[in-house]
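Below: the structure, in structure tokens.
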Amino acid sequence: MAFERERQQMIADIESGVAATRSMTGRDQLDPRVLEAMRHVPREDFVPDDLRRSAFRDGALPVGHGQTISQPYMVAIMTDLLELTPHSVVLEIGTGTGYQAAILAQLARQVYSVERIPELARAAQHRLSGMGYDNIEIRCSDGYQGWPEKAPFEAIVVTAAAADVPSALLQQLGPGGRMVIPIGLPYSHQELRLVTRDSDGQLHSSNLLGVAFVPMIKDT
Ligand code: SAH
């Protein structure tokens, strides 16, 4: 397999990141299925050609249109916090390259992903179809509205930072559902927030750790 050594290093970096943040996330280690998905999905195929070698570095990378592909550790911990099962239907806001969607698709039944930049949405759909994923649907629209026609979701992951949790996303989170979302202003302090809805419909939320994401843009 290409980039085998880089891939191994990426997994080691993720594991040490998880160990370093265990007091904040409450997780000592990742679900082995999440690590397996991170090992399996070819991250180098999601970055621009000249960055393939850097694809496994423990950081975010620019992917055009002012956007980034998230750091491997961040993709892994956010996915882990969702506690997906093979039955889960997941909503992602911020498709970007489609990398996180591919990881989610390894673990869940169906992934719906929303992206506001048409070129990114098109490129991601093309890339993922080419890789054979048939359980990812992407649409170009405003993530603040979620995807009401496909709700409720067992899990929602937002990969851009919002000032507050969009109310449409709260409405679309089903009973027993889990949402992970970076909350905070652009280029200032942001916290990764976990929101859960219990079986009685009550919402609970907690801030886990400081993060840095591109902003979730409001078009209206
Ligand atoms: N998950 C991506 C990385 C996301 S970067 C990956 O794995 O590659 C954040 C993405 O959120 C960007 O592509 C940006 O265009 C998108 N975004 C920002 N605001 C949005 C909104 N209101 N609705 C939908 N997508 C949005």
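Labels used: A, B, ... for chains in the order of the structure tokens, numbers from 1 for residues in each chain, and numbers from 1 for ligands as shown.
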
Excluding segment 93-105 of chain A and any residue of its chain fewer than 4 positions from it, enumerate the residues within 8 Å of it, using only C-alpha atoms, and give them as a short mmCIF file (atom, residue, chain, number, x, y, z; two decimals) with C-alpha atoms, in the first residue's frame.
```cif
data_model
loop_
_atom_site.label_atom_id
_atom_site.label_comp_id
_atom_site.auth_asym_id
_atom_site.auth_seq_id
_atom_site.Cartn_x
_atom_site.Cartn_y
_atom_site.Cartn_z
CA VAL A 34 -12.73 4.18 14.20
CA ALA A 37 -11.55 3.36 9.29
CA MET A 38 -8.74 5.93 9.66
CA VAL A 41 -9.49 5.49 3.92
CA ARG A 43 -6.25 10.35 3.00
CA PHE A 46 -8.47 13.77 -0.66
CA VAL A 47 -5.79 16.48 -0.78
CA VAL A 63 -7.71 22.30 0.02
CA GLN A 67 -11.05 25.71 3.19
CA THR A 68 -9.10 23.00 5.00
CA ILE A 69 -9.18 19.26 5.55
CA VAL A 75 -11.50 13.69 12.45
CA THR A 79 -16.07 10.41 14.78
CA ARG A 109 -25.39 2.90 7.33
CA GLN A 110 -25.93 6.19 5.53
CA VAL A 111 -24.21 9.57 5.46
CA SER A 113 -23.42 15.69 3.92
CA VAL A 114 -24.13 19.36 3.20
CA GLU A 115 -21.64 21.79 1.62
CA ARG A 116 -22.28 25.43 0.68
CA LEU A 120 -16.41 21.47 -3.36
CA ALA A 121 -19.74 19.61 -3.20
CA ALA A 123 -15.72 17.45 -6.46
CA ALA A 124 -16.41 15.50 -3.25
CA GLN A 125 -19.39 13.67 -4.79
CA ARG A 127 -14.35 11.61 -5.74
CA LEU A 128 -16.47 9.47 -3.38
CA TYR A 133 -19.05 4.76 -1.80
CA ASN A 135 -23.92 5.32 1.11
CA ILE A 136 -22.97 8.99 0.96
CA ILE A 138 -24.05 15.22 -0.76
CA GLY A 143 -25.89 23.80 6.60
CA GLY A 146 -29.61 20.85 8.11
CA ILE A 156 -24.73 15.01 13.47
CA VAL A 157 -21.19 16.29 12.97
CA VAL A 158 -20.42 19.87 12.06
CA THR A 159 -16.95 20.56 10.67
CA ALA A 160 -17.06 24.38 10.69
#
```

Inset, instruction - Report as a PyMOL selection string: the residues of segment 2-132 of chain A with a DSSP assignment of alpha helix (DSSP H), based on the backbone of this structure. - result: chain A and resi 4-20+22-25+32-40+72-81+99-107+118-130

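Here atom CA of Leu91 of chain A and atom CA of Ala155 of chain A stand 6.4 Å from one another.
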
Inset, instruction - Write out as a list in words which residues come within 7 Å of segment 82-86 of chain A when counting only C-alpha atoms, dropping same-chain ones fewer than 4 positions away. - result: Met78, Leu107, Ala108, Arg109, Ala155, Arg178 and Met179 of chain A

Could you save those same residues with C-alpha atoms as a compact mmCIF listing (two decimals), in the first residue's frame?
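As a result, part_26.txt now contains:
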```txt
# COMPACT_ATOMS: atom_id res chain seq x y z
CA MET A 78 -15.11 13.68 16.46
CA LEU A 107 -18.95 3.03 10.23
CA ALA A 108 -22.56 4.02 9.59
CA ARG A 109 -25.39 2.90 7.33
CA ALA A 155 -25.59 11.52 14.74
CA ARG A 178 -25.31 12.65 19.46
CA MET A 179 -24.01 15.84 17.87
```

Legend entry - DSSP strand (DSSP E or B) selection over segment 39-195 of chain A, as a ChimeraX atom specification: /A:61-64,67-69,89-93,110-115,136-140,153-158,161-162,173-184,190-195

Legend entry - For Leu192 of chain A, the nearest of the candidates A:Met74, A:Arg122, A:Leu169, A:His87, counting only C-alpha atoms: A:Met74

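One finds atom CA of Trp147 of chain A at 19.7 Å from atom CA of Ala163 of chain A.
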
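In this comparison, which uses only C-alpha atoms and all ligand atoms, the residue of A:Pro48, A:Gly174, A:Pro32, A:Gly17 approaching ligand 1 most closely is A:Pro48.
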
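The interatomic distance for the pair atom CA of Ala212 of chain A and atom CA of Ala55 of chain A works out to 18.4 Å.
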